[in-house]
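Okay, structure first, notes after.
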Amino acid sequence: MTARQCLLLLMLALSTLGAQSALAGRLVELGVFDRADNRRLPVYRHAGASWVAGQPGHEYRLTLRNRSSAEVLAVISVDGVNVISGQSADPSQSGYVIAPYGKLVIQGWRKSLAQTAAFYFTDLADSYAARTGRPDNVGVIGVAVFRKKQLPPPVPIAREAFPGSPQDNGAGKRSAAPAESAATPGARSDELRPEEAENAPRLGTGHGRREHSQARYVQFERASSDPAEVVQLRYDSRANLVARGVIRAPAPCGRPCPTPFPGFAPDPDGPISYFSP
């Protein structure tokens, strides 16, 4: 194993120490899954913000898990753009309804009730937000979470007065919001010096290939016009995160690093001695 290979393996091992596999809010857990590497990206905490490192050219998907015992509405933005409508994101817009303790997988920008355009990491100029004239908020994923309005229980009807009246189960009405179907599937850059971090190319999210992703409209009435919580996850290239100090870069070994499993046992130099009991 070369010193460069050893350094790379050591960097990967140390950089994941203290990282989480998802960002957990009180109501919703948010994760980013790299579809090319088939793994969930670790979440790093730095200066009060949460980060993931994306690889340019890799498709990714978002995973959300409802941590509560009631339905919630998740209004989701990527790079400041609503993932359903394509509008500049606002919490009052359309979102996805997630069942109690349910999981939601979002593969890309919604194009219809049957298709999405895949998310993929790319440079700022190629991002969907920049290509539609909105580059200012590239590099952030946000989820505004709303609780469902609790309807009052139905007033019991006296059977003596209306003996033929059916029982009212109090289903209630809810305002419309699209919900994702449960069946929906959901080489390293060189390090930068800290002074180069601010001017380094930023990572964004592109508008990729079309793929099947079924959704349908359901009813949901918000308990409040303000979200119960907002979960925010920032992202950039690994090189930029190392330069900012988000990911710790280990010092090089200075010599070939020892490895516990180098391969088969070679013969020693000089005559071979034999041991007999």
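Just so we're on the same page: first chain in the structure tokens is A, next is B, and so on; residues restart at 1 for each chain, and ligands are numbered from 1 in the order they show up.
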Could you give me, as CSV, every stretch 11-85 of chain A residue with an atom at most 8 Å from stretch 222-230 of chain A, plus its closest atom pair and distance in Å to one decimal, counting only C-alpha atoms, rows ordered by chain then number?
residue,atom,partner,partner_atom,distance
A:Gly25,CA,A:Glu229,CA,7.7
A:Arg26,CA,A:Glu229,CA,7.7
A:Leu27,CA,A:Glu229,CA,7.5
A:Leu73,CA,A:Arg222,CA,7.8
Just N, CA and C atoms for this one: save the residues we selected as a CSV table (one decimal), in the first residue's frame.
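As a result, out27.csv now contains:
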chain,number,residue,atom,x,y,z
A,25,GLY,N,-34.6,16.2,13.5
A,25,GLY,CA,-35.4,17.2,14.2
A,25,GLY,C,-36.4,16.6,15.2
A,26,ARG,N,-37.2,17.4,15.8
A,26,ARG,CA,-38.1,16.9,16.8
A,26,ARG,C,-39.2,16.0,16.1
A,27,LEU,N,-39.6,16.5,14.9
A,27,LEU,CA,-40.7,15.8,14.2
A,27,LEU,C,-40.2,15.0,13.0
A,73,LEU,N,-47.0,17.5,7.4
A,73,LEU,CA,-46.8,18.0,6.1
A,73,LEU,C,-45.4,18.5,6.0
Got a sec: who's within 12 Å of A:Gly142, counting only C-alpha atoms, leaving out chain neighbours fewer than 4 positions off, as a ChimeraX atom specification? /A:23,25,28-32,50,62,64,74-83,89-91,95,137-138,227,229-235
Output as CSV one row per residue of stretch 17-90 of chain A within 7 Å of stretch 99-121 of chain A: the closest atom pair and its distance in Å to one decimal place, counting only C-alpha atoms, sorted by chain and residue number ascending.
residue,atom,partner,partner_atom,distance
A:Gly54,CA,A:Phe121,CA,6.3
A:Gln55,CA,A:Phe121,CA,6.3
A:Pro56,CA,A:Phe121,CA,4.8
A:Gly57,CA,A:Phe121,CA,5.4
A:His58,CA,A:Tyr120,CA,5.4
A:Glu59,CA,A:Tyr120,CA,3.9
A:Tyr60,CA,A:Tyr120,CA,5.6
A:Arg61,CA,A:Gln107,CA,4.6
A:Leu62,CA,A:Ile106,CA,5.1
A:Thr63,CA,A:Val105,CA,4.7
A:Leu64,CA,A:Leu104,CA,5.1
A:Arg65,CA,A:Lys103,CA,4.3
A:Asn66,CA,A:Tyr101,CA,4.7
A:Arg67,CA,A:Tyr101,CA,5.2
A:Ser68,CA,A:Tyr101,CA,5.8
A:Ser69,CA,A:Pro100,CA,4.7
A:Ala70,CA,A:Pro100,CA,4.6
A:Glu71,CA,A:Ala99,CA,4.8
A:Val72,CA,A:Ala99,CA,7.0
A:Val83,CA,A:Trp109,CA,4.9
A:Ile84,CA,A:Arg110,CA,4.9
Could you write out that same residue set with N, CA and C atoms as a tab-separated table (two decimals), in the first residue's frame?
chain	number	residue	atom	x	y	z
A	54	GLY	N	-21.07	16.28	-0.86
A	54	GLY	CA	-21.55	15.68	-2.09
A	54	GLY	C	-20.43	15.48	-3.10
A	55	GLN	N	-20.59	14.48	-3.94
A	55	GLN	CA	-19.62	14.19	-5.00
A	55	GLN	C	-20.18	14.67	-6.34
A	56	PRO	N	-19.52	15.61	-7.02
A	56	PRO	CA	-20.03	16.11	-8.30
A	56	PRO	C	-20.32	14.97	-9.28
A	57	GLY	N	-21.49	15.05	-9.91
A	57	GLY	CA	-21.90	14.04	-10.88
A	57	GLY	C	-22.71	12.90	-10.29
A	58	HIS	N	-22.75	12.78	-8.98
A	58	HIS	CA	-23.50	11.69	-8.35
A	58	HIS	C	-24.95	12.08	-8.14
A	59	GLU	N	-25.86	11.18	-8.54
A	59	GLU	CA	-27.27	11.38	-8.21
A	59	GLU	C	-27.48	11.12	-6.73
A	60	TYR	N	-28.48	11.81	-6.17
A	60	TYR	CA	-28.81	11.56	-4.77
A	60	TYR	C	-30.32	11.65	-4.58
A	61	ARG	N	-30.77	11.17	-3.45
A	61	ARG	CA	-32.18	11.30	-3.09
A	61	ARG	C	-32.27	11.71	-1.62
A	62	LEU	N	-33.40	12.30	-1.28
A	62	LEU	CA	-33.66	12.71	0.10
A	62	LEU	C	-34.52	11.66	0.78
A	63	THR	N	-34.24	11.40	2.04
A	63	THR	CA	-35.08	10.50	2.83
A	63	THR	C	-35.57	11.26	4.05
A	64	LEU	N	-36.87	11.16	4.30
A	64	LEU	CA	-37.46	11.80	5.46
A	64	LEU	C	-38.24	10.76	6.25
A	65	ARG	N	-38.09	10.82	7.57
A	65	ARG	CA	-38.83	9.89	8.44
A	65	ARG	C	-39.60	10.71	9.46
A	66	ASN	N	-40.89	10.42	9.53
A	66	ASN	CA	-41.76	11.08	10.51
A	66	ASN	C	-41.52	10.43	11.87
A	67	ARG	N	-41.10	11.21	12.84
A	67	ARG	CA	-40.80	10.68	14.17
A	67	ARG	C	-42.00	10.78	15.12
A	68	SER	N	-43.13	11.26	14.61
A	68	SER	CA	-44.29	11.47	15.47
A	68	SER	C	-45.39	10.46	15.18
A	69	SER	N	-46.40	10.47	16.05
A	69	SER	CA	-47.52	9.53	15.93
A	69	SER	C	-48.69	10.11	15.14
A	70	ALA	N	-48.47	11.22	14.43
A	70	ALA	CA	-49.53	11.85	13.64
A	70	ALA	C	-48.97	12.23	12.27
A	71	GLU	N	-49.86	12.39	11.30
A	71	GLU	CA	-49.43	12.86	9.99
A	71	GLU	C	-48.79	14.24	10.09
A	72	VAL	N	-47.77	14.48	9.26
A	72	VAL	CA	-47.17	15.80	9.16
A	72	VAL	C	-47.06	16.17	7.68
A	83	VAL	N	-39.37	21.67	-4.26
A	83	VAL	CA	-39.11	20.48	-5.07
A	83	VAL	C	-40.35	19.99	-5.82
A	84	ILE	N	-41.54	20.48	-5.44
A	84	ILE	CA	-42.77	20.09	-6.14
A	84	ILE	C	-43.13	21.09	-7.23
Point out the residue among A:Gln20, A:Pro152, A:Ala144, A:Ala129 with the least atom-to-atom distance to A:Leu41, counting only C-alpha atoms. A:Gln20
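Comparing the minimum interatomic distances between A:Pro201 and each of A:Gly86, A:Gly133, A:Gly139, A:Gly270, counting only C-alpha atoms, we find that A:Gly139 sits nearest.
The two atoms in question, atom CA of A:Asp236 and atom CA of A:Phe33, are spaced 14.4 Å apart.
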